[in-house]
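Visitor: Provided herewith is a single structure, encoded as structure tokens, for subsequent inquiry.
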Amino acid sequence: MGTILCNGQILVDGKLVKKDILIEGTNVSRIADSIEEAGHEVLDAAGKLIVPGFIDMHVHLREPGFEAKETIATGTASAARGGFTTVACMPNTRPVIDTPETVRLILQKAKEEGSARVLPMGAITVRELGQELTDMAALKEAGVIAVSDDGVGVQSSKMMKDAMKVATSLGLPVVAHCEDDSLVEGGCVHEGVFSEKHGLKGIPSEAESIHVGRDILLAEATGAHYHVCHISTAESVRLVREAKQRGVRVTAEVCPHHLLLCDEDIPGPDANYKMNPPLRSRRDRQALLQGLKDGTIDMIVTDHAPHTAEEKGRGIELAPFGIVGLETAFPLLYTKLVLTGEFTLQEIVDRMTRVPAEVFNLPWGALEEGKSADIAVIDLETEKEVNPETFASKGRNTPFTGWKLKGWPVLTMLEGRIVWQAEEMNSEGARQ
Ligand code: DOR
Ligand code: ZN
Ligand code: ZN
């Protein structure tokens with residue numbers, strides 16, 4: 001017996017078209033105007049949007065080592081609630097994902113307890129200390145899909161160049177958290193109007209863009225696929241745009257919080273507005289929107305970074321960087337960028353499905369007959385307030401509490417298995 005998702009709307013060349021979808025086993029077996037076949041479970045998706053499950057190439061699942069913040073089970077449950085079926089997890093765990101054993105442990109846990117597909121990223125340097133390259137061949141063999149020292153920048157140009165050479169010989173993208181430590185020196189927010197007003201140490205834009213510029217030159221020299229993490233400044237966008245025009249193999253990602261907030265929006269010294277890179281200036285935010293629009297920025301990721309309430313309660317200077325993002329990403333983007341007319345629904349969905357799949361050469365991200373049934377069903381009508389108490393994530397650290405949003409995922413399917421289902425999406429039983 002299969003499942004028919006009936007009367008939902010799918011995106012076809014930017015238009016919403018009503019279709020029935022038959023899922024049998026792990027795959028989508030048919031998409032048609034109407035599927036009347038008897039013997040299948042029927043789920044009524046009338047009026048709902050049906051999209052390929054979202055792909056998030058930047059998530060912190062925290063396991064192993066930081067299970068008080070998140071686990072593979074809770075992090076992937078959070079992904080499923082957000083409509084994500086594939087998440088790439090960052091290696092700044094304890095131990096760092098710098099050995100095949102840790103890669104295998106994560107893949108095993110994800111298989112046993114996961115509500116989303118987990119793609120591990122391996123570290124660039126041992127323990128992310130920037131001193132010695134990891135055995136990338138062994139990491140790749142164990143299953144990493146890219147290498148990254150996310151959480152910290154690779155400070156040495158030589159180390160980064162060597163990393164690019166090895167990664168390129170193995171066909172692994174180099175995914176870079178861009179941050180020059182010598183320019184950061186204990187900053188906790190963007191160096192700008194907010195840091196000045198509150199007398200806080202700021203993180204200047206160049207701390208990021210200097211690495212972006214350096215690494216573009218290194219990617220050009222080595223032929224590496226260089227991917228910029230959570231791009232946040234106008235200068236970084238300009239550098240990526242120019243590099244793309246010159247044919248350098250560079251791609252970039254941006255987070256919903258950097259698209260929707262700037263430092264002027266921070267109400268006060270609240271650690272739920274503290275992330276790295278920080279919320280930048282109004283001008284930077286505009287450049288990010290423009291960069292996403294014109295294709296300079298390829299994809300949207302969350303940088304889901306859960307922390308405990310105790311950690312986030314230490315005040316803006318002492319609290320760790322990071323906010324959760326999986327459960328609010330699509331509703332935020334839909335409400336604040338699509339309903340406002342700045343982006344089309346197709347543009348936003350593409351940057352969360354087809355594009356990350358293409359950039360990282362993944363076989364998911366499309367809703368097509370014969371492909372894996374990775375599906376998100378989304379209610380575009382019901383408005384709900386963001387309430388962190390309802391999150392599946394252990395993390396409650398979000399600046400979006402109380403925001404009224406539309407576009408909430410109500411059902412998520414991973415390889416044909418329902419991994420999240422809101423009450424309103426209960427089955428009507430099998431069709432006779
Ligand atoms: O905000 C952030 N949180 N930025 C990072 O680079 C690391 C991440 C984390 O691991 O908490
Ligand atoms: Zn980072
Ligand atoms: Zn990160």
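Labeling convention for the structure tokens: chains A, B, ... as they appear, residues from 1 per chain, ligands from 1 in order of appearance.
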Could you report the residues within 7 Å of ligand 2, using only C-alpha atoms and all ligand atoms, as an MDAnalysis selection string?
Guide: chainID A and resid 150:152 177 229:230 276
Visitor: Next, the residues of the selection above should be written as an mmCIF file, in the first residue's frame with C-alpha atoms.
Guide:
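again07.cif, written as the output of this step:
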```cif
data_model
loop_
_atom_site.group_PDB
_atom_site.id
_atom_site.type_symbol
_atom_site.label_atom_id
_atom_site.label_comp_id
_atom_site.auth_asym_id
_atom_site.auth_seq_id
_atom_site.Cartn_x
_atom_site.Cartn_y
_atom_site.Cartn_z
ATOM 1 C CA ASP A 150 33.135 25.975 10.905
ATOM 2 C CA GLY A 151 33.070 27.837 14.189
ATOM 3 C CA VAL A 152 36.531 29.235 13.466
ATOM 4 C CA HIS A 177 33.761 30.068 8.120
ATOM 5 C CA CYS A 229 29.584 30.085 4.933
ATOM 6 C CA HIS A 230 26.912 32.471 6.252
ATOM 7 C CA ASN A 276 28.715 34.727 14.398
#
```
Visitor: Using only C-alpha atoms and all ligand atoms, what are the residues with an atom within 8 Å of ligand 1, set out as a PDB file with all heavy atoms, in the first residue's frame?
Guide:
```pdb
ATOM      1  N   HIS A  60      24.254  22.731  13.124  1.00  0.00           N
ATOM      2  CA  HIS A  60      25.045  22.191  14.243  1.00  0.00           C
ATOM      3  C   HIS A  60      24.165  21.221  15.028  1.00  0.00           C
ATOM      4  O   HIS A  60      23.231  21.646  15.703  1.00  0.00           O
ATOM      5  CB  HIS A  60      25.533  23.332  15.150  1.00  0.00           C
ATOM      6  CG  HIS A  60      26.486  24.250  14.444  1.00  0.00           C
ATOM      7  ND1 HIS A  60      27.840  24.059  14.441  1.00  0.00           N
ATOM      8  CD2 HIS A  60      26.266  25.348  13.673  1.00  0.00           C
ATOM      9  CE1 HIS A  60      28.428  25.001  13.718  1.00  0.00           C
ATOM     10  NE2 HIS A  60      27.492  25.805  13.231  1.00  0.00           N
ATOM     11  N   MET A  90      27.880  20.283  10.974  1.00  0.00           N
ATOM     12  CA  MET A  90      29.197  20.889  11.101  1.00  0.00           C
ATOM     13  C   MET A  90      30.062  20.124  12.110  1.00  0.00           C
ATOM     14  O   MET A  90      29.551  19.558  13.082  1.00  0.00           O
ATOM     15  CB  MET A  90      29.036  22.339  11.527  1.00  0.00           C
ATOM     16  CG  MET A  90      28.548  23.208  10.383  1.00  0.00           C
ATOM     17  SD  MET A  90      29.772  23.138   9.068  1.00  0.00           S
ATOM     18  CE  MET A  90      28.929  24.042   7.784  1.00  0.00           C
ATOM     19  N   ASN A  92      32.194  20.967  14.481  1.00  0.00           N
ATOM     20  CA  ASN A  92      32.699  21.484  15.765  1.00  0.00           C
ATOM     21  C   ASN A  92      31.998  20.840  16.958  1.00  0.00           C
ATOM     22  O   ASN A  92      31.417  21.495  17.813  1.00  0.00           O
ATOM     23  CB  ASN A  92      32.630  23.022  15.820  1.00  0.00           C
ATOM     24  CG  ASN A  92      31.226  23.575  15.691  1.00  0.00           C
ATOM     25  OD1 ASN A  92      30.320  22.886  15.219  1.00  0.00           O
ATOM     26  ND2 ASN A  92      31.037  24.816  16.109  1.00  0.00           N
ATOM     27  N   ASP A 150      34.136  25.000  10.465  1.00  0.00           N
ATOM     28  CA  ASP A 150      33.135  25.975  10.905  1.00  0.00           C
ATOM     29  C   ASP A 150      33.158  26.168  12.417  1.00  0.00           C
ATOM     30  O   ASP A 150      33.317  25.228  13.190  1.00  0.00           O
ATOM     31  CB  ASP A 150      31.730  25.587  10.475  1.00  0.00           C
ATOM     32  CG  ASP A 150      30.749  26.690  10.833  1.00  0.00           C
ATOM     33  OD1 ASP A 150      31.012  27.838  10.461  1.00  0.00           O
ATOM     34  OD2 ASP A 150      29.758  26.415  11.536  1.00  0.00           O
ATOM     35  N   GLY A 151      32.944  27.417  12.790  1.00  0.00           N
ATOM     36  CA  GLY A 151      33.070  27.837  14.189  1.00  0.00           C
ATOM     37  C   GLY A 151      34.293  28.727  14.312  1.00  0.00           C
ATOM     38  O   GLY A 151      34.301  29.681  15.080  1.00  0.00           O
ATOM     39  N   VAL A 152      35.321  28.395  13.505  1.00  0.00           N
ATOM     40  CA  VAL A 152      36.531  29.235  13.466  1.00  0.00           C
ATOM     41  C   VAL A 152      37.010  29.367  12.023  1.00  0.00           C
ATOM     42  O   VAL A 152      36.751  28.513  11.180  1.00  0.00           O
ATOM     43  CB  VAL A 152      37.684  28.641  14.311  1.00  0.00           C
ATOM     44  CG1 VAL A 152      37.407  28.745  15.791  1.00  0.00           C
ATOM     45  CG2 VAL A 152      37.973  27.199  13.913  1.00  0.00           C
ATOM     46  N   HIS A 177      34.172  29.050   7.152  1.00  0.00           N
ATOM     47  CA  HIS A 177      33.761  30.068   8.120  1.00  0.00           C
ATOM     48  C   HIS A 177      34.840  31.145   8.019  1.00  0.00           C
ATOM     49  O   HIS A 177      35.998  30.894   8.346  1.00  0.00           O
ATOM     50  CB  HIS A 177      33.708  29.437   9.509  1.00  0.00           C
ATOM     51  CG  HIS A 177      33.509  30.399  10.631  1.00  0.00           C
ATOM     52  ND1 HIS A 177      32.341  30.462  11.367  1.00  0.00           N
ATOM     53  CD2 HIS A 177      34.325  31.343  11.156  1.00  0.00           C
ATOM     54  CE1 HIS A 177      32.459  31.395  12.299  1.00  0.00           C
ATOM     55  NE2 HIS A 177      33.655  31.943  12.189  1.00  0.00           N
ATOM     56  N   LYS A 274      22.762  37.306  19.382  1.00  0.00           N
ATOM     57  CA  LYS A 274      24.212  37.141  19.237  1.00  0.00           C
ATOM     58  C   LYS A 274      24.530  35.888  18.418  1.00  0.00           C
ATOM     59  O   LYS A 274      24.216  34.771  18.832  1.00  0.00           O
ATOM     60  CB  LYS A 274      24.864  37.030  20.619  1.00  0.00           C
ATOM     61  CG  LYS A 274      26.382  36.817  20.541  1.00  0.00           C
ATOM     62  CD  LYS A 274      27.023  36.742  21.919  1.00  0.00           C
ATOM     63  CE  LYS A 274      28.532  36.574  21.793  1.00  0.00           C
ATOM     64  NZ  LYS A 274      29.190  36.494  23.106  1.00  0.00           N
ATOM     65  N   MET A 275      25.100  36.105  17.268  1.00  0.00           N
ATOM     66  CA  MET A 275      25.551  34.982  16.446  1.00  0.00           C
ATOM     67  C   MET A 275      26.789  35.439  15.684  1.00  0.00           C
ATOM     68  O   MET A 275      27.099  36.630  15.634  1.00  0.00           O
ATOM     69  CB  MET A 275      24.437  34.490  15.508  1.00  0.00           C
ATOM     70  CG  MET A 275      24.071  35.372  14.352  1.00  0.00           C
ATOM     71  SD  MET A 275      23.290  36.934  14.767  1.00  0.00           S
ATOM     72  CE  MET A 275      21.639  36.481  15.216  1.00  0.00           C
ATOM     73  N   ASN A 276      27.466  34.444  15.098  1.00  0.00           N
ATOM     74  CA  ASN A 276      28.715  34.727  14.398  1.00  0.00           C
ATOM     75  C   ASN A 276      28.628  34.189  12.976  1.00  0.00           C
ATOM     76  O   ASN A 276      28.477  32.983  12.804  1.00  0.00           O
ATOM     77  CB  ASN A 276      29.872  34.063  15.150  1.00  0.00           C
ATOM     78  CG  ASN A 276      31.209  34.498  14.632  1.00  0.00           C
ATOM     79  OD1 ASN A 276      31.298  35.405  13.798  1.00  0.00           O
ATOM     80  ND2 ASN A 276      32.261  33.850  15.085  1.00  0.00           N
ATOM     81  N   PRO A 277      28.735  35.013  11.950  1.00  0.00           N
ATOM     82  CA  PRO A 277      28.915  36.456  11.997  1.00  0.00           C
ATOM     83  C   PRO A 277      27.687  37.172  12.581  1.00  0.00           C
ATOM     84  O   PRO A 277      26.587  36.643  12.564  1.00  0.00           O
ATOM     85  CB  PRO A 277      29.118  36.830  10.515  1.00  0.00           C
ATOM     86  CG  PRO A 277      28.472  35.740   9.747  1.00  0.00           C
ATOM     87  CD  PRO A 277      28.652  34.509  10.555  1.00  0.00           C
ATOM     88  N   PRO A 278      27.933  38.381  13.086  1.00  0.00           N
ATOM     89  CA  PRO A 278      26.853  39.113  13.760  1.00  0.00           C
ATOM     90  C   PRO A 278      25.879  39.755  12.769  1.00  0.00           C
ATOM     91  O   PRO A 278      26.165  39.826  11.572  1.00  0.00           O
ATOM     92  CB  PRO A 278      27.616  40.198  14.515  1.00  0.00           C
ATOM     93  CG  PRO A 278      28.845  40.441  13.692  1.00  0.00           C
ATOM     94  CD  PRO A 278      29.216  39.108  13.106  1.00  0.00           C
ATOM     95  N   ASP A 303      22.361  27.799   9.685  1.00  0.00           N
ATOM     96  CA  ASP A 303      23.372  27.853  10.751  1.00  0.00           C
ATOM     97  C   ASP A 303      22.707  27.618  12.115  1.00  0.00           C
ATOM     98  O   ASP A 303      23.017  28.288  13.108  1.00  0.00           O
ATOM     99  CB  ASP A 303      24.156  29.173  10.757  1.00  0.00           C
ATOM    100  CG  ASP A 303      25.459  29.077  11.559  1.00  0.00           C
ATOM    101  OD1 ASP A 303      25.789  27.972  12.047  1.00  0.00           O
ATOM    102  OD2 ASP A 303      26.137  30.105  11.712  1.00  0.00           O
ATOM    103  N   HIS A 304      21.772  26.663  12.115  1.00  0.00           N
ATOM    104  CA  HIS A 304      21.091  26.243  13.351  1.00  0.00           C
ATOM    105  C   HIS A 304      22.151  25.947  14.420  1.00  0.00           C
ATOM    106  O   HIS A 304      22.933  25.007  14.286  1.00  0.00           O
ATOM    107  CB  HIS A 304      20.276  24.982  13.033  1.00  0.00           C
ATOM    108  CG  HIS A 304      19.554  24.373  14.186  1.00  0.00           C
ATOM    109  ND1 HIS A 304      18.339  24.844  14.631  1.00  0.00           N
ATOM    110  CD2 HIS A 304      19.859  23.318  14.986  1.00  0.00           C
ATOM    111  CE1 HIS A 304      17.927  24.104  15.642  1.00  0.00           C
ATOM    112  NE2 HIS A 304      18.834  23.173  15.893  1.00  0.00           N
ATOM    113  N   ALA A 305      22.177  26.764  15.476  1.00  0.00           N
ATOM    114  CA  ALA A 305      23.238  26.662  16.487  1.00  0.00           C
ATOM    115  C   ALA A 305      22.630  26.717  17.886  1.00  0.00           C
ATOM    116  O   ALA A 305      22.632  27.742  18.561  1.00  0.00           O
ATOM    117  CB  ALA A 305      24.260  27.784  16.299  1.00  0.00           C
ATOM    118  N   PRO A 306      22.087  25.567  18.335  1.00  0.00           N
ATOM    119  CA  PRO A 306      21.434  25.542  19.649  1.00  0.00           C
ATOM    120  C   PRO A 306      22.435  25.656  20.804  1.00  0.00           C
ATOM    121  O   PRO A 306      23.549  25.136  20.725  1.00  0.00           O
ATOM    122  CB  PRO A 306      20.743  24.170  19.666  1.00  0.00           C
ATOM    123  CG  PRO A 306      21.471  23.332  18.666  1.00  0.00           C
ATOM    124  CD  PRO A 306      22.004  24.269  17.626  1.00  0.00           C
ATOM    125  N   HIS A 307      22.027  26.377  21.834  1.00  0.00           N
ATOM    126  CA  HIS A 307      22.777  26.452  23.093  1.00  0.00           C
ATOM    127  C   HIS A 307      21.776  26.324  24.229  1.00  0.00           C
ATOM    128  O   HIS A 307      20.575  26.531  24.037  1.00  0.00           O
ATOM    129  CB  HIS A 307      23.520  27.791  23.203  1.00  0.00           C
ATOM    130  CG  HIS A 307      24.614  27.954  22.194  1.00  0.00           C
ATOM    131  ND1 HIS A 307      25.777  27.221  22.218  1.00  0.00           N
ATOM    132  CD2 HIS A 307      24.714  28.763  21.110  1.00  0.00           C
ATOM    133  CE1 HIS A 307      26.558  27.583  21.205  1.00  0.00           C
ATOM    134  NE2 HIS A 307      25.933  28.508  20.507  1.00  0.00           N
ATOM    135  N   PRO A 320      27.619  32.204  24.386  1.00  0.00           N
ATOM    136  CA  PRO A 320      28.171  31.738  23.110  1.00  0.00           C
ATOM    137  C   PRO A 320      27.383  32.301  21.915  1.00  0.00           C
ATOM    138  O   PRO A 320      26.209  32.662  22.055  1.00  0.00           O
ATOM    139  CB  PRO A 320      28.018  30.211  23.200  1.00  0.00           C
ATOM    140  CG  PRO A 320      26.963  29.966  24.212  1.00  0.00           C
ATOM    141  CD  PRO A 320      26.973  31.134  25.159  1.00  0.00           C
ATOM    142  N   PHE A 321      28.054  32.349  20.765  1.00  0.00           N
ATOM    143  CA  PHE A 321      27.412  32.796  19.525  1.00  0.00           C
ATOM    144  C   PHE A 321      26.456  31.727  19.020  1.00  0.00           C
ATOM    145  O   PHE A 321      26.744  30.540  19.112  1.00  0.00           O
ATOM    146  CB  PHE A 321      28.476  33.012  18.445  1.00  0.00           C
ATOM    147  CG  PHE A 321      29.390  34.184  18.672  1.00  0.00           C
ATOM    148  CD1 PHE A 321      30.637  34.016  19.255  1.00  0.00           C
ATOM    149  CD2 PHE A 321      29.001  35.459  18.274  1.00  0.00           C
ATOM    150  CE1 PHE A 321      31.491  35.099  19.440  1.00  0.00           C
ATOM    151  CE2 PHE A 321      29.854  36.542  18.446  1.00  0.00           C
ATOM    152  CZ  PHE A 321      31.107  36.364  19.042  1.00  0.00           C
ATOM    153  N   GLY A 322      25.337  32.140  18.440  1.00  0.00           N
ATOM    154  CA  GLY A 322      24.493  31.183  17.738  1.00  0.00           C
ATOM    155  C   GLY A 322      23.029  31.277  18.090  1.00  0.00           C
ATOM    156  O   GLY A 322      22.665  31.594  19.231  1.00  0.00           O
ATOM    157  N   ILE A 323      22.195  31.003  17.084  1.00  0.00           N
ATOM    158  CA  ILE A 323      20.747  30.926  17.294  1.00  0.00           C
ATOM    159  C   ILE A 323      20.210  29.688  16.570  1.00  0.00           C
ATOM    160  O   ILE A 323      20.823  29.223  15.614  1.00  0.00           O
ATOM    161  CB  ILE A 323      20.001  32.190  16.779  1.00  0.00           C
ATOM    162  CG1 ILE A 323      20.183  32.376  15.262  1.00  0.00           C
ATOM    163  CG2 ILE A 323      20.458  33.424  17.548  1.00  0.00           C
ATOM    164  CD1 ILE A 323      19.279  33.439  14.657  1.00  0.00           C
TER     165      ILE A 323
END
```
Visitor: Which residues come within 8 Å of range 316-319 of chain A, counting only C-alpha atoms, excluding same-chain residues fewer than 6 positions away, as a VMD selection string?
Guide: chain A and resid 188 200 269 to 271 274
Visitor: I want to know what sits within 12 Å of range 9-21 of chain A, based on only C-alpha atoms, with residues of the same chain fewer than 3 positions away left out; could you give that as number ranges by chain?
Guide: A: 2-6, 24, 27-37, 40-52, 343-350, 366-370, 373, 375-380, 416
Visitor: Give the answer as one residue: which of A:Thr308, A:Thr85, A:Thr76, A:Gln245 has the shortest atom-to-atom distance to Met413 in chain A, using only C-alpha atoms?
Guide: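 Using only C-alpha atoms, Met413 in chain A sits closest to A:Thr85.
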Visitor: What is the CA of Val184 in chain A-CA of Gly213 in chain A distance in Å, reported with one decimal?
Guide: 16.9 Å
Visitor: Would you give me, as JSON, numbers by chain, the residues in range 87-330 of chain A that DSSP reads as strand (DSSP E or B)?
Guide: {"A": [87, 88, 89, 117, 118, 119, 120, 122, 125, 133, 147, 148, 174, 175, 176, 189, 190, 202, 203, 226, 227, 228, 250, 251, 252, 253, 254, 299, 300, 304, 323]}
Visitor: When distances are computed from only C-alpha atoms and all ligand atoms, which of A:Pro91, A:Pro363, A:Gly83, A:Gly75 shows the smallest separation from ligand 3?
Guide: A:Pro91
Visitor: Considering only C-alpha atoms and all ligand atoms, can you say which of A:Cys255, A:Leu414, A:Leu170, A:Ala219 comes closest to ligand 3?
Guide: A:Cys255
Visitor: Nearest to Phe360 in chain A among A:Asp298, A:Asp181, A:Glu381, A:Glu206, with distances taken over only C-alpha atoms: which residue is it?
Guide: A:Asp298
